[in-house]
Amino acid sequence: MFTPQPGFPLGDIPAAYAAERRDSAAVRAGDAELTWEELYRASDAVARGLRLSGVTPGHIVPLMLPNGLDVVVAAFACLRIGAVPQPLSTRLAPAEERAILALSEPPVVIGLQEGASGRSTTVAELRRLGAGEGEPATELTTVIGPSWKAPTSGGSTGRPKIILSGAEGAFNPFDMEAWGLRPGERSLVTAPVHHNAPFSTAMTTLFNGGTVTLLERFDAERVLSEVERHAITWVYLVPTMMRRILALPEPVRARYDLSSLVSVWHCAEPCPPATKQAWIDWLGADRIWELYAGTEAQAGCTISGTEWLAHRGSVGRPAWGEIKIVGLDGTPVTEPGVAGEIFMRVADGKPPAFRYLGAEVQETHGWSTLGDIGEFDADGYLYLHDRRSDMLLVGGVNVYPAEIEGALTEHPHVLSSAVIGLPDPDRGNRVHAIVQIEEGRTTTPEEINDFLATRLSPHKRPRSVELVTEPLRSAAGKLRRSALRAERLE
C-alpha cells in the first residue's frame, strides 16, 4: 500500500494513489466526484496545458476558483510542474485583484471565464490544450517546486501581500500532524479554499490518500447531512459556523447520524466558551479540537476538548515552533498569568516557515508577532486576550481596517474615516465605518456602500456606515480606534 515518504513529489500524489485505488473517490463537491484515476488524468492534462502556456517551475499561478473539483485539479497541476498554487477569491474587487497580481506577475490566471482578463484561462481550456486533441502525449517530468502554496493576506498596512510557504512541493508530514489528519481520512472542508486553512487541510487530506468533500457554500444543516452521507471522519469549522449549527432546532440536529466523526477542528477566530462547551456536550470532548496559528505557521498550539475542560479558555500548548510572551515594555515575561504580546519563531535548526512578497518580515532573532495579546498558565497553556493590532475577525476571516479606510479615502467627499468592529452575535464582529465628510455635502451611507462595492470584497464592506463632520484624527494624525469603539458601546 502506497504511503508517501518525506520528500515524495506532491505532483506525483494523484498518479501514485491512482495506481492502487483508481476507482476510489478522491474529491467530492455536491453531487460531482473525481476518482483518483480521474484526478490524475485531469491534473496531468492541465499541467501540460500550463507548460504550454508558459508556466515554469517557481511561477505563482493564481486559482480564482470556488470550492469544487476544478480547484483541486488545478492545484495538483501546478505542483506537477513545480509551480506554486495561489488560491484566490472569485469575488475580489478589480483593484484588489490588480494589486495581488502585480506582486507575482503570473503567466496565467486560472478562473471561471476564459479571457476575463488578459492572462485568464480555465481548467477546461488548459485540459484541452494539454490533451493535444488526441496527439501522443510527451513525457511530463515532475518537478518539485520551491513552495507548495502561496496564500494572500490583506496586511495590516492595507496593502496585500503573498505568504509563500517555506515548505517545497514535496511531502512533509507537518500539516498532517498539526491538524490531526490521519492517512485515509474522509474530510469535510466547509469554508472557501481561497483561505489558507481550508486549502491546506483539503490538500493534506489528499496527500495522505484520503477523500475530501468540499462544501460549495456553507449551510448549517448541509454540514450534518454531508457527514452522514459520506461517513465523514474529520471536519473543519470556524466558530461562526459552530454557532449557526447549534442554532438549528434540536430535532434537525438529531436527524443525522454523526457517529463516523472522529474529530471536529476549529480555528481562525476565538471560540466563545459557551459555544465550545455546547459542542463538547453534544459530541464529546474527545472529538473537539482547536488550532491556533497564523498563516505564516512559524509556531502554533493545539488543544483537545478534554484538555480544554481542564484549562477552560485556552488555545493549547505549543505543538510546533517556539512561543514566548513579551511585555509591552519589551521585557520577556516568564511568570505565568502575566499578559503580553505573543511572539513566535520556528524551532532551532528549522528552515524559515515563510517569506513575503509585497512586505518585509518584521522579526528580531527570528521572533515575530501577529499582534495578539496573551498569557501562559503554570502548565504552559496559552490564553488569548485581545489583538494588539487593529485587525478584525469577521466570521473567521481577517479584515484589515486600513484596507477599508484606504478605499474610503478615494471617495471625493470623504475627509477621513475610522473602521472598527462592533459585537455581532453571529459573526463575532460587524464592520462599522465612521466616515468624516465635508460639511454641506449630501453624501448618504447608501452612496458610500455603492462606492465600496466596486473596490472591496463583500466580507470587507461595512455592515453599517456612520457619517460625521467632526474630525476623527488628532492634529498629529493619530486615530484612537479604541476610544471610538468604546463610545459606541456605551
# chains A, B, ... in the order shown; residues from 1 in each chain; ligands from 1
>>> select_by_dssp(residues="region 260-425 of chain A", states="strand (DSSP E or B)", output="JSON, numbers by chain")
{"A": [263, 264, 265, 266, 288, 289, 290, 291, 292, 293, 300, 301, 302, 303, 304, 314, 315, 316, 317, 318, 319, 320, 322, 323, 324, 325, 326, 332, 333, 340, 341, 342, 343, 344, 345, 354, 355, 356, 357, 364, 367, 368, 369, 370, 371, 372, 373, 374, 375, 376, 382, 383, 384, 385, 386, 387, 392, 393, 394, 397, 398, 399, 414, 415, 416, 417, 418, 419, 420, 421, 422, 423, 424]}
>>> residues_around(residues="region 215-231 of chain A", least_positions_apart="2", cutoff="6 Å", atoms="only C-alpha atoms", output="count of residues only")
6
>>> closest_residue(among="A:Glu125, A:Asp44, A:Glu168, A:Glu105", to="Gly82 (chain A)", atoms="only C-alpha atoms")
A:Glu168
>>> residues_around(residues="Ser53 (chain A)", least_positions_apart="3", cutoff="10 Å", atoms="only C-alpha atoms", output="ChimeraX atom specification")
/A:47-50,56,107-108,119,121,126,129-130
>>> atom_distance(atom1="CA of Ile325 (chain A)", atom2="CA of Ser200 (chain A)")
27.6 Å
>>> closest_residue(among="A:Ser43, A:Thr233, A:Asn208, A:Asn449", to="Val123 (chain A)", atoms="only C-alpha atoms")
A:Ser43
>>> decode(residues="region 83-130 of chain A", atoms="N, CA and C atoms", output="PDB file, in the first residue's frame")
ATOM      1  N   ALA A  83       5.198  24.619 -10.179  1.00  0.00           N
ATOM      2  CA  ALA A  83       4.613  25.943  -9.963  1.00  0.00           C
ATOM      3  C   ALA A  83       3.960  25.988  -8.585  1.00  0.00           C
ATOM      4  N   VAL A  84       3.590  27.177  -8.162  1.00  0.00           N
ATOM      5  CA  VAL A  84       3.053  27.374  -6.814  1.00  0.00           C
ATOM      6  C   VAL A  84       1.584  27.785  -6.904  1.00  0.00           C
ATOM      7  N   PRO A  85       0.651  26.945  -6.448  1.00  0.00           N
ATOM      8  CA  PRO A  85      -0.762  27.324  -6.496  1.00  0.00           C
ATOM      9  C   PRO A  85      -1.076  28.438  -5.503  1.00  0.00           C
ATOM     10  N   GLN A  86      -1.843  29.412  -5.979  1.00  0.00           N
ATOM     11  CA  GLN A  86      -2.236  30.547  -5.144  1.00  0.00           C
ATOM     12  C   GLN A  86      -3.764  30.667  -5.172  1.00  0.00           C
ATOM     13  N   PRO A  87      -4.457  30.043  -4.228  1.00  0.00           N
ATOM     14  CA  PRO A  87      -5.918  30.144  -4.225  1.00  0.00           C
ATOM     15  C   PRO A  87      -6.367  31.568  -3.911  1.00  0.00           C
ATOM     16  N   LEU A  88      -7.271  32.090  -4.735  1.00  0.00           N
ATOM     17  CA  LEU A  88      -7.789  33.445  -4.566  1.00  0.00           C
ATOM     18  C   LEU A  88      -9.309  33.427  -4.636  1.00  0.00           C
ATOM     19  N   SER A  89      -9.916  34.400  -3.994  1.00  0.00           N
ATOM     20  CA  SER A  89     -11.368  34.527  -4.018  1.00  0.00           C
ATOM     21  C   SER A  89     -11.851  34.873  -5.423  1.00  0.00           C
ATOM     22  N   THR A  90     -13.003  34.339  -5.777  1.00  0.00           N
ATOM     23  CA  THR A  90     -13.627  34.699  -7.050  1.00  0.00           C
ATOM     24  C   THR A  90     -14.335  36.038  -6.958  1.00  0.00           C
ATOM     25  N   ARG A  91     -14.387  36.610  -5.753  1.00  0.00           N
ATOM     26  CA  ARG A  91     -15.147  37.843  -5.550  1.00  0.00           C
ATOM     27  C   ARG A  91     -14.247  39.035  -5.242  1.00  0.00           C
ATOM     28  N   LEU A  92     -12.999  38.956  -5.617  1.00  0.00           N
ATOM     29  CA  LEU A  92     -12.107  40.092  -5.425  1.00  0.00           C
ATOM     30  C   LEU A  92     -12.593  41.285  -6.242  1.00  0.00           C
ATOM     31  N   ALA A  93     -12.522  42.449  -5.629  1.00  0.00           N
ATOM     32  CA  ALA A  93     -12.787  43.669  -6.391  1.00  0.00           C
ATOM     33  C   ALA A  93     -11.653  43.857  -7.401  1.00  0.00           C
ATOM     34  N   PRO A  94     -11.919  44.511  -8.524  1.00  0.00           N
ATOM     35  CA  PRO A  94     -10.873  44.677  -9.548  1.00  0.00           C
ATOM     36  C   PRO A  94      -9.579  45.281  -9.014  1.00  0.00           C
ATOM     37  N   ALA A  95      -9.683  46.261  -8.132  1.00  0.00           N
ATOM     38  CA  ALA A  95      -8.473  46.892  -7.597  1.00  0.00           C
ATOM     39  C   ALA A  95      -7.670  45.906  -6.752  1.00  0.00           C
ATOM     40  N   GLU A  96      -8.364  45.064  -5.977  1.00  0.00           N
ATOM     41  CA  GLU A  96      -7.679  44.058  -5.169  1.00  0.00           C
ATOM     42  C   GLU A  96      -6.974  43.039  -6.064  1.00  0.00           C
ATOM     43  N   GLU A  97      -7.676  42.597  -7.079  1.00  0.00           N
ATOM     44  CA  GLU A  97      -7.094  41.621  -7.999  1.00  0.00           C
ATOM     45  C   GLU A  97      -5.842  42.180  -8.662  1.00  0.00           C
ATOM     46  N   ARG A  98      -5.917  43.412  -9.128  1.00  0.00           N
ATOM     47  CA  ARG A  98      -4.751  44.016  -9.791  1.00  0.00           C
ATOM     48  C   ARG A  98      -3.566  44.117  -8.838  1.00  0.00           C
ATOM     49  N   ALA A  99      -3.828  44.496  -7.590  1.00  0.00           N
ATOM     50  CA  ALA A  99      -2.741  44.655  -6.622  1.00  0.00           C
ATOM     51  C   ALA A  99      -2.062  43.325  -6.324  1.00  0.00           C
ATOM     52  N   ILE A 100      -2.852  42.260  -6.203  1.00  0.00           N
ATOM     53  CA  ILE A 100      -2.279  40.944  -5.906  1.00  0.00           C
ATOM     54  C   ILE A 100      -1.496  40.414  -7.102  1.00  0.00           C
ATOM     55  N   LEU A 101      -2.070  40.529  -8.290  1.00  0.00           N
ATOM     56  CA  LEU A 101      -1.391  40.014  -9.479  1.00  0.00           C
ATOM     57  C   LEU A 101      -0.116  40.788  -9.784  1.00  0.00           C
ATOM     58  N   ALA A 102      -0.080  42.052  -9.398  1.00  0.00           N
ATOM     59  CA  ALA A 102       1.122  42.853  -9.634  1.00  0.00           C
ATOM     60  C   ALA A 102       2.305  42.343  -8.822  1.00  0.00           C
ATOM     61  N   LEU A 103       2.038  41.673  -7.716  1.00  0.00           N
ATOM     62  CA  LEU A 103       3.124  41.180  -6.867  1.00  0.00           C
ATOM     63  C   LEU A 103       3.846  39.989  -7.486  1.00  0.00           C
ATOM     64  N   SER A 104       3.106  39.130  -8.177  1.00  0.00           N
ATOM     65  CA  SER A 104       3.713  37.906  -8.706  1.00  0.00           C
ATOM     66  C   SER A 104       3.823  37.875 -10.220  1.00  0.00           C
ATOM     67  N   GLU A 105       3.068  38.738 -10.910  1.00  0.00           N
ATOM     68  CA  GLU A 105       3.076  38.791 -12.375  1.00  0.00           C
ATOM     69  C   GLU A 105       2.984  37.387 -12.986  1.00  0.00           C
ATOM     70  N   PRO A 106       1.908  36.664 -12.724  1.00  0.00           N
ATOM     71  CA  PRO A 106       1.798  35.282 -13.204  1.00  0.00           C
ATOM     72  C   PRO A 106       1.592  35.207 -14.717  1.00  0.00           C
ATOM     73  N   PRO A 107       2.104  34.160 -15.350  1.00  0.00           N
ATOM     74  CA  PRO A 107       1.885  33.994 -16.797  1.00  0.00           C
ATOM     75  C   PRO A 107       0.414  33.775 -17.128  1.00  0.00           C
ATOM     76  N   VAL A 108      -0.300  33.061 -16.234  1.00  0.00           N
ATOM     77  CA  VAL A 108      -1.724  32.799 -16.440  1.00  0.00           C
ATOM     78  C   VAL A 108      -2.449  32.911 -15.106  1.00  0.00           C
ATOM     79  N   VAL A 109      -3.747  33.149 -15.196  1.00  0.00           N
ATOM     80  CA  VAL A 109      -4.646  33.122 -14.045  1.00  0.00           C
ATOM     81  C   VAL A 109      -5.739  32.123 -14.378  1.00  0.00           C
ATOM     82  N   ILE A 110      -5.918  31.125 -13.531  1.00  0.00           N
ATOM     83  CA  ILE A 110      -6.954  30.124 -13.781  1.00  0.00           C
ATOM     84  C   ILE A 110      -8.233  30.574 -13.088  1.00  0.00           C
ATOM     85  N   GLY A 111      -9.280  30.791 -13.875  1.00  0.00           N
ATOM     86  CA  GLY A 111     -10.530  31.291 -13.320  1.00  0.00           C
ATOM     87  C   GLY A 111     -11.735  30.601 -13.906  1.00  0.00           C
ATOM     88  N   LEU A 112     -12.879  31.253 -13.744  1.00  0.00           N
ATOM     89  CA  LEU A 112     -14.136  30.691 -14.211  1.00  0.00           C
ATOM     90  C   LEU A 112     -14.417  31.027 -15.664  1.00  0.00           C
ATOM     91  N   GLN A 113     -13.783  32.093 -16.155  1.00  0.00           N
ATOM     92  CA  GLN A 113     -14.041  32.536 -17.520  1.00  0.00           C
ATOM     93  C   GLN A 113     -12.731  32.730 -18.269  1.00  0.00           C
ATOM     94  N   GLU A 114     -12.683  32.199 -19.452  1.00  0.00           N
ATOM     95  CA  GLU A 114     -11.508  32.400 -20.302  1.00  0.00           C
ATOM     96  C   GLU A 114     -11.515  33.823 -20.844  1.00  0.00           C
ATOM     97  N   GLY A 115     -10.376  34.497 -20.734  1.00  0.00           N
ATOM     98  CA  GLY A 115     -10.261  35.831 -21.303  1.00  0.00           C
ATOM     99  C   GLY A 115     -10.909  36.931 -20.492  1.00  0.00           C
ATOM    100  N   ALA A 116     -11.335  36.620 -19.240  1.00  0.00           N
ATOM    101  CA  ALA A 116     -11.936  37.670 -18.416  1.00  0.00           C
ATOM    102  C   ALA A 116     -10.935  38.776 -18.145  1.00  0.00           C
ATOM    103  N   SER A 117      -9.671  38.425 -18.039  1.00  0.00           N
ATOM    104  CA  SER A 117      -8.596  39.413 -18.017  1.00  0.00           C
ATOM    105  C   SER A 117      -7.535  38.914 -18.989  1.00  0.00           C
ATOM    106  N   GLY A 118      -6.532  39.695 -19.226  1.00  0.00           N
ATOM    107  CA  GLY A 118      -5.579  39.374 -20.272  1.00  0.00           C
ATOM    108  C   GLY A 118      -4.917  38.020 -20.147  1.00  0.00           C
ATOM    109  N   ARG A 119      -4.736  37.538 -18.919  1.00  0.00           N
ATOM    110  CA  ARG A 119      -3.994  36.294 -18.731  1.00  0.00           C
ATOM    111  C   ARG A 119      -4.877  35.132 -18.277  1.00  0.00           C
ATOM    112  N   SER A 120      -6.186  35.320 -18.240  1.00  0.00           N
ATOM    113  CA  SER A 120      -7.036  34.311 -17.626  1.00  0.00           C
ATOM    114  C   SER A 120      -7.372  33.176 -18.577  1.00  0.00           C
ATOM    115  N   THR A 121      -7.493  31.986 -17.997  1.00  0.00           N
ATOM    116  CA  THR A 121      -7.893  30.794 -18.717  1.00  0.00           C
ATOM    117  C   THR A 121      -8.714  29.946 -17.763  1.00  0.00           C
ATOM    118  N   THR A 122      -9.168  28.800 -18.223  1.00  0.00           N
ATOM    119  CA  THR A 122      -9.976  27.919 -17.387  1.00  0.00           C
ATOM    120  C   THR A 122      -9.335  26.546 -17.311  1.00  0.00           C
ATOM    121  N   VAL A 123      -9.778  25.763 -16.341  1.00  0.00           N
ATOM    122  CA  VAL A 123      -9.300  24.385 -16.238  1.00  0.00           C
ATOM    123  C   VAL A 123      -9.670  23.610 -17.500  1.00  0.00           C
ATOM    124  N   ALA A 124     -10.886  23.816 -17.990  1.00  0.00           N
ATOM    125  CA  ALA A 124     -11.321  23.098 -19.193  1.00  0.00           C
ATOM    126  C   ALA A 124     -10.451  23.441 -20.401  1.00  0.00           C
ATOM    127  N   GLU A 125     -10.130  24.717 -20.565  1.00  0.00           N
ATOM    128  CA  GLU A 125      -9.306  25.129 -21.703  1.00  0.00           C
ATOM    129  C   GLU A 125      -7.886  24.584 -21.571  1.00  0.00           C
ATOM    130  N   LEU A 126      -7.325  24.638 -20.374  1.00  0.00           N
ATOM    131  CA  LEU A 126      -5.981  24.099 -20.167  1.00  0.00           C
ATOM    132  C   LEU A 126      -5.955  22.596 -20.410  1.00  0.00           C
ATOM    133  N   ARG A 127      -7.031  21.937 -20.011  1.00  0.00           N
ATOM    134  CA  ARG A 127      -7.091  20.489 -20.222  1.00  0.00           C
ATOM    135  C   ARG A 127      -7.146  20.158 -21.711  1.00  0.00           C
ATOM    136  N   ARG A 128      -7.927  20.920 -22.470  1.00  0.00           N
ATOM    137  CA  ARG A 128      -7.977  20.709 -23.923  1.00  0.00           C
ATOM    138  C   ARG A 128      -6.610  20.977 -24.550  1.00  0.00           C
ATOM    139  N   LEU A 129      -5.978  22.049 -24.099  1.00  0.00           N
ATOM    140  CA  LEU A 129      -4.659  22.390 -24.626  1.00  0.00           C
ATOM    141  C   LEU A 129      -3.650  21.295 -24.314  1.00  0.00           C
ATOM    142  N   GLY A 130      -3.685  20.802 -23.081  1.00  0.00           N
ATOM    143  CA  GLY A 130      -2.730  19.779 -22.669  1.00  0.00           C
ATOM    144  C   GLY A 130      -2.969  18.430 -23.301  1.00  0.00           C
TER     145      GLY A 130
END
